[in-house]
Amino acid sequence: MKIVRMKDLTKRFGNIIALDNVNLEIEEGEIYGLLGPNGAGKTTAISIICGLISFDRGEVYVFDKDIRKDAEFIKKNIGIVPQDVAIYGDLTAYENVKFFASLYGLKGKELKENVEMALEFVGLSDKAKEVPNKFSGGMKRRLNIACAIAHRPKLIIMDEPTVGIDPQSRNHILESVKKLNEMGSTIIYTSHYMEEVEAICTRISIMDHGKVIAEGTKEELTSMVTDVNTVYIEIGSIDGIKEEELKGIKGVKDVEIKDSTIKITSLKDVSNFDDIIHYFISKNIPIRNLRNEIPDLETVFLTLTGRKLRD
Amino acid sequence: MRELFLVMNNTVKLFFRRKGNIILLISGIIIPLFFLLFTYGGSGQLRIGVVDKDKSLISADLINSLEKTDKFKVVFLKEDEINDKVSKGKVDSAIVIPQRFEEEILKGNPKDVEIVSIKGEETTLFLKSYLDRKINVLYNLSKASEGNKENFYKMYNLYKNSPFSLKTYIVEDIGKTAVATTRSLGFFIMFLMFSTFNISNFILVEKRDKTFYRIFASPLKSRTYLASNFLVNLILTVFQIAFILALITFILNLSFTKATFDVFLVLVSFGITSIGLSSMIVAFSPSTSYSNVLSTLIITPTCMLGGTFWPLYLMPKSFQKLSDFIPQKWAIDAIEKIQMGGSLSDVYMNIIILLAFALTFILLGIYKIKTSEKMGDFI
C-alpha cells in the first residue's frame, strides 16, 4: 500500500512558492528520508500530510484517503515529532505523553499502558514524574518522540528530530527510528544532516526550493552524479609500479601516481577490486593504506544544485 | 465532549502549575480588598464636621438624623476650624448649616447646606444626596403647612414618628462603604481584565511553545480547543467574582441580598465581555510579546476612561462621552445604580450593552481566526 501519495502538490505563502509541483510516493514499511537545506519545503510538505495546512493545487492521499475529505482518520493514524520540541515544560513527562495520547481517543488501561510503553521506549521511565523544564536538550527531544508514538500510529513523521543535541542522544534517536520501523510503523524522516539520512533511510527524496530534485535509494542517487569509482592506495615505494600495467586492468579508466599514493579511477559498473589488490601482491609491494571514495549525498546535492546542503 | 473536558482539564492544570498565574489570580482579589480595607477604613463611617450657624430645632434635628444613620460620625466644629480639620483629614468633609436655615425652609426657600471636602465628590456625593433628600422633605412639609410654623412642626413630628419616614436603607447602601465597594470593584475589574487576557493568551503561549502544532496534528477540532479556552476562562472568572463578592460582604459585615446577586450578574456579564476582548486581542496578535503590549495598551487606558479608578464625572465632558464606547463604564455604572438602590430592571440595559460588546469582540475574533485558517497561518 502507498502510505503517502502527492501529485503535483503546490503550496504558496504569499509570493513565496513553498512547494512547487511536488510528486512523491511513500510505500508502507519504508523509512523515507526528506533531505534538503533549510527552507527547502520539507516542513511544509509534512504539515500538509498531517492536515495542518491547506494547499493550493494538487492531490494528497494518505493511507489511500484524500486529506481534504478524511483528515480526521488520517490525523488519528499519524504521529508527529515536530522540528521544535513541542511539550509542556510545566507538566511531568508522564502527563505530557498522557495528554497528547488521550487526544487520539486512548483512555483507561490502554492509555496508561501505552504511555508507559512510550516512555520506556525513549528511555525516560525513571523520569516520568519529573517536569521537562529540568531536562537536558536530548531528554526533551526523546520526550518529544514519546508524545508522538504513544497512540501507536501507522505513520510516524520526524521533522529534524536531532537538531542541536549531543551525539549520544542522536544515536539513541536514530536507533529508535529503526526500532519503530521494525515494529511496523512507516517513517518519514526529514533532516539536513545527510549522514543521518544515509544511515537509516531506505529511500530518499532530495528537496530544494520547494521541488523534489532527485529521488531513490542512496545507491540510485549517487549513481546519478558519477559513473566512476575511485580507490586511493598508499604504498611504501612506487618503484616497480608501471602506470600502463595498472591501466591494463579491466575497468580502470585512469591512474595518477603522486608521492607514495596511487589514485585509480575505475568504471562504477566494473568490479575490479580483487584484480587491483592482486597486482600489488604479485609485485610484492606491501599496501600501507587503502581508501575507496564513494560519492555521498552531499556530493549529490552539490552536483545537482551547485550548493552545499548547509549553505 | 470528552475532548472538550480533556483540553479544559489540561488548561486548568497548566494554569495552576505556573506560579505567575496564581499570583495574578490572588492579587486580583487581594489588592482590591486591601484598597477597600485601608483606603476607606473598616468602620464605614464618614466623619462629618458640622458648623450649625442656625441653631434651630430643624438644624439640630438634621444633625441628629445624620448621627442616627450610623454611617456618619458627627464632629462639631467652629467655622474657622473647617479648613484645618478637613485638610488634615481629621474629618472626611464638613457641612455648614447656614443662618436662617429654618426660617427660609418655612418660607419655602430652603437654603443649601454648604459641604466642604478635599476628597472630591466621591465622598460628598452620598452626604449631599442624603441632605438633599432631607431638605426636600422639609420643603414639602413647609409647602403643605403653607408657611404656618405650628402646622409645620405638627406635620414634621408626625413625619418623624411615621413608619414611612425616610429610611436609613438608602444611606446604608449609598454610604461610604458603597463608594469604597464601587472603587474596589473598579480595581477588581482591571485585574479581571488582565486575568482573562492571561488565560486567552494561553493560545499564543501554546503557539510559541509549539504544543499548539502538536494539538492540531491530532484529530482535535480547532473549535473544541478554542471553546475549552473560553470555558476555562469563564469558570475562573465566575469563581473570582463570586469569591471577591463573598469577601467584600464578609469584610463589610453586609448580608447577601438581591443586590449582591445583581452585582454578581453585572460582573459576570462584564467578565464575558472581557473574555471576548482578550480572545480578540489574541486572535489579532501574531506573538505573545505583541499580545502582551497590545493588552496593556488597551486595558489600562480604557480602565481610566471607563471610570474604574475614579468617578466619571471627575473627567472632562468629552472623555465622559467617549466612555460610552468602553465596556468598563457600563459595568461601573450598573454597580453604582445597584448601590443607589436600583434593581435588575434598572441595569438590564447595561447588561445588554455589555453582552453586545462581548458578541462583537467574539465575532471579530472568530472572523480573524477563520481568515487566518484560510491563509494557512493560524498554526
# chains A, B, ... in the order shown; residues from 1 in each chain; ligands from 1
>>> residues_around(residues="Lys13 (chain B)", least_positions_apart="6", cutoff="10 Å", atoms="only C-alpha atoms", output="JSON list (two decimals) with C-alpha atoms, in the first residue's frame")
[["chain", "number", "residue", "atom", "x", "y", "z"],
["A", 90, "ASP", "CA", 5.32, 22.50, 33.48],
["A", 91, "LEU", "CA", 3.65, 19.11, 33.14],
["B", 7, "VAL", "CA", -8.39, 20.15, 26.97]]
>>> select_by_dssp(residues="region 138-239 of chain A", states="strand (DSSP E)", output="number ranges by chain")
A: 155-159, 186-191, 203-208, 211-216, 228-235
>>> write_last_selection(atoms="N, CA, C and O atoms", output="short mmCIF file (atom, residue, chain, number, x, y, z; two decimals), in the first residue's frame")
data_model
loop_
_atom_site.label_atom_id
_atom_site.label_comp_id
_atom_site.auth_asym_id
_atom_site.auth_seq_id
_atom_site.Cartn_x
_atom_site.Cartn_y
_atom_site.Cartn_z
N LEU A 155 1.88 5.77 10.74
CA LEU A 155 2.90 6.60 10.09
C LEU A 155 3.48 7.57 11.12
O LEU A 155 2.73 8.29 11.78
N ILE A 156 4.80 7.54 11.25
CA ILE A 156 5.44 8.47 12.17
C ILE A 156 6.27 9.45 11.34
O ILE A 156 7.08 9.04 10.49
N ILE A 157 6.03 10.74 11.57
CA ILE A 157 6.77 11.75 10.82
C ILE A 157 7.73 12.44 11.78
O ILE A 157 7.32 12.96 12.82
N MET A 158 9.00 12.39 11.44
CA MET A 158 10.00 13.01 12.30
C MET A 158 10.65 14.15 11.54
O MET A 158 11.34 13.94 10.54
N ASP A 159 10.42 15.35 12.03
CA ASP A 159 10.93 16.54 11.35
C ASP A 159 12.18 17.04 12.07
O ASP A 159 12.07 17.63 13.14
N THR A 186 5.60 3.02 9.41
CA THR A 186 6.30 3.66 8.29
C THR A 186 6.83 4.98 8.84
O THR A 186 6.16 5.63 9.64
N ILE A 187 8.04 5.35 8.41
CA ILE A 187 8.64 6.57 8.96
C ILE A 187 8.96 7.55 7.83
O ILE A 187 9.51 7.16 6.80
N ILE A 188 8.62 8.80 8.06
CA ILE A 188 9.13 9.86 7.18
C ILE A 188 10.11 10.65 8.03
O ILE A 188 9.75 11.14 9.11
N TYR A 189 11.33 10.73 7.54
CA TYR A 189 12.38 11.35 8.34
C TYR A 189 12.98 12.51 7.56
O TYR A 189 13.52 12.33 6.48
N THR A 190 12.85 13.71 8.12
CA THR A 190 13.46 14.84 7.40
C THR A 190 14.71 15.29 8.15
O THR A 190 14.77 15.22 9.38
N SER A 191 15.67 15.73 7.39
CA SER A 191 16.90 16.20 8.02
C SER A 191 17.72 17.00 7.01
O SER A 191 17.52 16.87 5.81
N ARG A 203 14.70 4.90 1.38
CA ARG A 203 14.58 5.70 0.17
C ARG A 203 14.64 7.18 0.54
O ARG A 203 14.24 7.56 1.64
N ILE A 204 15.12 7.98 -0.40
CA ILE A 204 15.36 9.38 -0.08
C ILE A 204 14.86 10.29 -1.21
O ILE A 204 15.02 9.96 -2.39
N SER A 205 14.29 11.42 -0.79
CA SER A 205 13.98 12.49 -1.75
C SER A 205 14.86 13.66 -1.41
O SER A 205 14.97 14.03 -0.24
N ILE A 206 15.47 14.25 -2.41
CA ILE A 206 16.25 15.45 -2.15
C ILE A 206 15.43 16.64 -2.60
O ILE A 206 14.96 16.68 -3.75
N MET A 207 15.19 17.56 -1.66
CA MET A 207 14.35 18.72 -1.97
C MET A 207 15.19 19.99 -1.98
O MET A 207 16.13 20.13 -1.21
N ASP A 208 14.79 20.90 -2.84
CA ASP A 208 15.43 22.22 -2.85
C ASP A 208 14.45 23.22 -3.47
O ASP A 208 13.81 22.93 -4.48
N LYS A 211 11.06 22.01 -4.56
CA LYS A 211 10.95 20.97 -5.59
C LYS A 211 11.69 19.70 -5.16
O LYS A 211 12.67 19.79 -4.43
N VAL A 212 11.21 18.54 -5.66
CA VAL A 212 11.97 17.30 -5.45
C VAL A 212 12.93 17.21 -6.62
O VAL A 212 12.51 17.09 -7.77
N ILE A 213 14.23 17.31 -6.32
CA ILE A 213 15.18 17.34 -7.43
C ILE A 213 15.76 15.96 -7.74
O ILE A 213 16.30 15.74 -8.81
N ALA A 214 15.63 15.03 -6.78
CA ALA A 214 16.08 13.67 -7.05
C ALA A 214 15.41 12.74 -6.06
O ALA A 214 15.08 13.13 -4.95
N GLU A 215 15.17 11.47 -6.47
CA GLU A 215 14.52 10.53 -5.59
C GLU A 215 15.02 9.13 -5.85
O GLU A 215 15.29 8.78 -7.00
N GLY A 216 15.19 8.33 -4.80
CA GLY A 216 15.61 6.95 -5.00
C GLY A 216 16.35 6.42 -3.79
O GLY A 216 16.40 7.08 -2.74
N VAL A 228 31.92 6.64 -11.96
CA VAL A 228 33.25 6.05 -11.65
C VAL A 228 33.39 5.76 -10.17
O VAL A 228 32.65 6.29 -9.34
N ASN A 229 34.34 4.91 -9.88
CA ASN A 229 34.70 4.54 -8.52
C ASN A 229 36.18 4.89 -8.32
O ASN A 229 36.99 4.60 -9.18
N THR A 230 36.50 5.53 -7.22
CA THR A 230 37.90 5.92 -7.05
C THR A 230 38.51 5.23 -5.83
O THR A 230 37.90 5.23 -4.76
N VAL A 231 39.70 4.63 -6.03
CA VAL A 231 40.40 3.96 -4.92
C VAL A 231 41.75 4.64 -4.73
O VAL A 231 42.46 4.89 -5.71
N TYR A 232 42.08 4.93 -3.49
CA TYR A 232 43.39 5.51 -3.17
C TYR A 232 44.21 4.42 -2.46
O TYR A 232 43.75 3.86 -1.47
N ILE A 233 45.38 4.14 -2.98
CA ILE A 233 46.23 3.11 -2.38
C ILE A 233 47.57 3.73 -1.99
O ILE A 233 48.23 4.37 -2.81
N GLU A 234 47.92 3.54 -0.73
CA GLU A 234 49.18 4.11 -0.24
C GLU A 234 50.19 2.98 -0.04
O GLU A 234 49.89 1.98 0.62
N ILE A 235 51.35 3.16 -0.67
CA ILE A 235 52.38 2.11 -0.57
C ILE A 235 53.69 2.71 -0.09
O ILE A 235 53.84 3.94 -0.05
#
>>> interface_residues(of="chain B", to="chain A", cutoff="7 Å", atoms="only C-alpha atoms", output="mmCIF file with N, CA and C atoms, in the first residue's frame")
data_model
loop_
_atom_site.group_PDB
_atom_site.id
_atom_site.type_symbol
_atom_site.label_atom_id
_atom_site.label_comp_id
_atom_site.auth_asym_id
_atom_site.auth_seq_id
_atom_site.Cartn_x
_atom_site.Cartn_y
_atom_site.Cartn_z
ATOM 1 N N GLU B 3 -13.316 15.359 24.481
ATOM 2 C CA GLU B 3 -12.127 16.132 24.102
ATOM 3 C C GLU B 3 -12.157 17.515 24.755
ATOM 4 N N LEU B 14 -2.384 23.409 33.627
ATOM 5 C CA LEU B 14 -1.282 24.299 33.235
ATOM 6 C C LEU B 14 -1.372 25.634 33.967
ATOM 7 N N ARG B 17 -0.125 25.299 37.450
ATOM 8 C CA ARG B 17 1.288 24.902 37.569
ATOM 9 C C ARG B 17 2.207 26.120 37.485
ATOM 10 N N ASP B 209 5.200 27.814 22.206
ATOM 11 C CA ASP B 209 5.863 26.602 22.700
ATOM 12 C C ASP B 209 5.648 25.389 21.788
ATOM 13 N N LYS B 210 4.939 25.611 20.679
ATOM 14 C CA LYS B 210 4.713 24.605 19.630
ATOM 15 C C LYS B 210 3.783 23.465 20.028
ATOM 16 N N THR B 211 3.261 23.491 21.253
ATOM 17 C CA THR B 211 2.313 22.438 21.639
ATOM 18 C C THR B 211 1.034 22.575 20.816
ATOM 19 N N ARG B 214 1.286 20.457 17.817
ATOM 20 C CA ARG B 214 1.060 19.042 18.120
ATOM 21 C C ARG B 214 -0.428 18.771 18.360
ATOM 22 N N PHE B 216 -2.970 20.354 17.109
ATOM 23 C CA PHE B 216 -3.741 20.383 15.873
ATOM 24 C C PHE B 216 -3.316 19.321 14.875
ATOM 25 N N ALA B 217 -2.207 18.630 15.169
ATOM 26 C CA ALA B 217 -1.855 17.470 14.356
ATOM 27 C C ALA B 217 -2.696 16.276 14.801
ATOM 28 N N SER B 218 -3.315 16.388 15.980
ATOM 29 C CA SER B 218 -4.196 15.324 16.481
ATOM 30 C C SER B 218 -5.592 15.552 15.872
ATOM 31 N N PRO B 219 -6.501 14.581 16.074
ATOM 32 C CA PRO B 219 -7.832 14.770 15.448
ATOM 33 C C PRO B 219 -8.687 15.857 16.122
ATOM 34 N N LEU B 220 -8.173 16.514 17.145
ATOM 35 C CA LEU B 220 -8.953 17.543 17.853
ATOM 36 C C LEU B 220 -9.326 18.694 16.912
ATOM 37 N N GLY B 376 -3.813 29.771 6.033
ATOM 38 C CA GLY B 376 -2.902 28.717 6.468
ATOM 39 C C GLY B 376 -1.871 29.187 7.471
#
>>> atom_distance(atom1="CA of Gly41 (chain A)", atom2="CA of Leu19 (chain A)")
5.9 Å
>>> residues_around(residues="Gly248 (chain A)", least_positions_apart="2", cutoff="12 Å", atoms="only C-alpha atoms", output="PyMOL selection string")
chain A and resi 242-246+250-255+264+266+272+275-276+279
>>> write_last_selection(atoms="N, CA and C atoms", output="mmCIF file, in the first residue's frame")
data_model
loop_
_atom_site.group_PDB
_atom_site.id
_atom_site.type_symbol
_atom_site.label_atom_id
_atom_site.label_comp_id
_atom_site.auth_asym_id
_atom_site.auth_seq_id
_atom_site.Cartn_x
_atom_site.Cartn_y
_atom_site.Cartn_z
ATOM 1 N N LYS A 242 54.101 0.244 -12.657
ATOM 2 C CA LYS A 242 54.012 0.765 -14.022
ATOM 3 C C LYS A 242 52.566 1.182 -14.296
ATOM 4 N N GLU A 243 52.453 2.434 -14.673
ATOM 5 C CA GLU A 243 51.125 3.015 -14.888
ATOM 6 C C GLU A 243 50.347 2.241 -15.970
ATOM 7 N N GLU A 244 51.060 1.856 -17.006
ATOM 8 C CA GLU A 244 50.399 1.168 -18.119
ATOM 9 C C GLU A 244 49.799 -0.159 -17.667
ATOM 10 N N GLU A 245 50.585 -0.836 -16.784
ATOM 11 C CA GLU A 245 50.096 -2.137 -16.296
ATOM 12 C C GLU A 245 48.798 -1.962 -15.519
ATOM 13 N N LEU A 246 48.786 -0.914 -14.698
ATOM 14 C CA LEU A 246 47.564 -0.654 -13.915
ATOM 15 C C LEU A 246 46.402 -0.300 -14.850
ATOM 16 N N LYS A 250 41.102 -4.533 -16.097
ATOM 17 C CA LYS A 250 39.775 -4.243 -16.691
ATOM 18 C C LYS A 250 39.010 -3.167 -15.878
ATOM 19 N N GLY A 251 38.410 -2.285 -16.583
ATOM 20 C CA GLY A 251 37.567 -1.239 -15.975
ATOM 21 C C GLY A 251 38.307 0.011 -15.547
ATOM 22 N N VAL A 252 39.663 -0.068 -15.456
ATOM 23 C CA VAL A 252 40.409 1.108 -14.969
ATOM 24 C C VAL A 252 40.443 2.176 -16.064
ATOM 25 N N LYS A 253 40.026 3.376 -15.697
ATOM 26 C CA LYS A 253 39.960 4.465 -16.661
ATOM 27 C C LYS A 253 41.192 5.348 -16.607
ATOM 28 N N ASP A 254 41.662 5.534 -15.326
ATOM 29 C CA ASP A 254 42.747 6.495 -15.156
ATOM 30 C C ASP A 254 43.594 6.125 -13.946
ATOM 31 N N VAL A 255 44.882 6.443 -14.006
ATOM 32 C CA VAL A 255 45.776 6.195 -12.868
ATOM 33 C C VAL A 255 46.629 7.433 -12.647
ATOM 34 N N ILE A 264 43.386 5.344 -8.363
ATOM 35 C CA ILE A 264 42.927 4.553 -9.511
ATOM 36 C C ILE A 264 41.431 4.793 -9.712
ATOM 37 N N SER A 266 38.056 3.805 -11.673
ATOM 38 C CA SER A 266 37.504 2.718 -12.499
ATOM 39 C C SER A 266 36.054 3.008 -12.854
ATOM 40 N N ASN A 272 36.464 -4.591 -10.054
ATOM 41 C CA ASN A 272 37.883 -4.924 -10.329
ATOM 42 C C ASN A 272 38.745 -4.794 -9.077
ATOM 43 N N ASP A 275 41.347 -7.610 -8.641
ATOM 44 C CA ASP A 275 42.437 -7.531 -9.633
ATOM 45 C C ASP A 275 43.457 -6.477 -9.222
ATOM 46 N N ILE A 276 42.976 -5.347 -8.680
ATOM 47 C CA ILE A 276 43.895 -4.264 -8.292
ATOM 48 C C ILE A 276 44.769 -4.721 -7.122
ATOM 49 N N TYR A 279 47.391 -7.199 -8.176
ATOM 50 C CA TYR A 279 48.512 -6.573 -8.880
ATOM 51 C C TYR A 279 49.632 -6.229 -7.898
#
>>> select_by_dssp(residues="region 207-270 of chain A", states="helix (DSSP H, G or I)", output="list in words")
Lys218, Glu219, Glu220, Leu221, Thr222, Ser223, Met224, Val225, Glu243, Glu244, Glu245, Leu246 and Lys247 of chain A
